[in-house]
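Input: a single structure, listed below in structure tokens.
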Amino acid sequence: MSERETIILTRDVNVVLIPDGNHGTLSKGKEVTIHQDLGNNYTVVTDHGHMVRISSADADALGKETHELHTLVSETDASAVEKNCWEVMKTVYDPEIPVNIVDLGLVYNCNVETVGEALNRVQIMMTLTAPGCGMGPVIQGDVEKAVRALPGVESVQVEIVLDPPWSREMMSEVAQVQLGLF
């Protein structure tokens, strides 16, 4: 999104405070400016200069529609589930960085194991751009929620690892270009 859009909230909405990851509420009638509209969430700045994240489930409070992903396959074999996992992880963003976590190089591994007919166990290893990132548990939860909602997923475990530590070289070329680093 290149242009900032100022909006008056149409109802009370739950938010996640950035960068600490704490939860709060913004009241109906509060003015916010959309800073980032990517993936399944909105990063907004309040009229007091606080940056918060609003879930796409609450997009209606911003006068927006929920985002839908149209690139998923309907099969539930391990290979199809893995493809879908990578697709939904590309909809997860650090609320301060306009690049998805896959292109940022934060996802180290996605392992899908068949555990029954049309059922799979998913294990994901990922990292954060910085140890102690307050939004880490929120991003981890976003990944878990997105993957758990996929067809054929019986269980999902998302593990945050800090070794090897994340570095700029882990970003895709596309991400580096998007951030002006290439």
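Residues are named by chain letter and number: chains run A, B, ... in the order of the structure tokens, numbers start at 1 in each chain, and ligands are numbered from 1 in the order shown.
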**Study point:** Residue list (strand (DSSP E or B), DSSP) for range 2-119 of chain A, as a PyMOL selection string
**Key:** chain A and resi 5-8+13-17+23-26+31-38+41-46+51-55+93+100+107-116+119
Point to revise | Surrounding residues of Gln140 in chain A excluding itself and chain neighbours under 4 positions, 10 Å, only C-alpha atoms, as a list of chain:residue names | key: A:Val92, A:Ile124, A:Met125, A:Met126, A:Thr127, A:Leu128, A:Met135, A:Gly136, A:Glu144, A:Lys145, A:Gln157, A:Val158, A:Glu159, A:Ile160
Review point. So which one's closest to Ala118 in chain A, A:Glu82, A:Asp20, A:Glu75, A:Glu96? Using only C-alpha atoms, please.
Key: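 Distance minimum relative to Ala118 in chain A lands on A:Glu75.
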Practice item. May I have the residues within 10 Å of Glu169 in chain A as an NGL selection string, using only C-alpha atoms and disregarding those fewer than 3 positions away in the same chain? Key: :A and (104-105 or 166 or 172-173 or 176)
Convert the current residue selection to file output with C-alpha atoms, as a PDB file, in the first residue's frame.
ATOM      1  CA  LEU A 104      12.220 -12.537   4.944  1.00  0.00           C
ATOM      2  CA  GLY A 105      13.869 -15.935   5.456  1.00  0.00           C
ATOM      3  CA  TRP A 166      18.586 -14.561  11.245  1.00  0.00           C
ATOM      4  CA  SER A 172      14.940 -13.653  -0.860  1.00  0.00           C
ATOM      5  CA  GLU A 173      16.138 -11.406  -3.646  1.00  0.00           C
ATOM      6  CA  GLN A 176      15.789  -7.342  -0.606  1.00  0.00           C
TER       7      GLN A 176
END
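For Ile8 in chain A, the list of residues within 10 Å, based on only C-alpha atoms and with local chain neighbours fewer than 2 positions off taken out, reads Thr6, Thr10, Arg11, Ser27, Lys28, Gly29, Lys30, Glu31, Val32, Thr33, Ala61, Leu62 and Gly63 of chain A.
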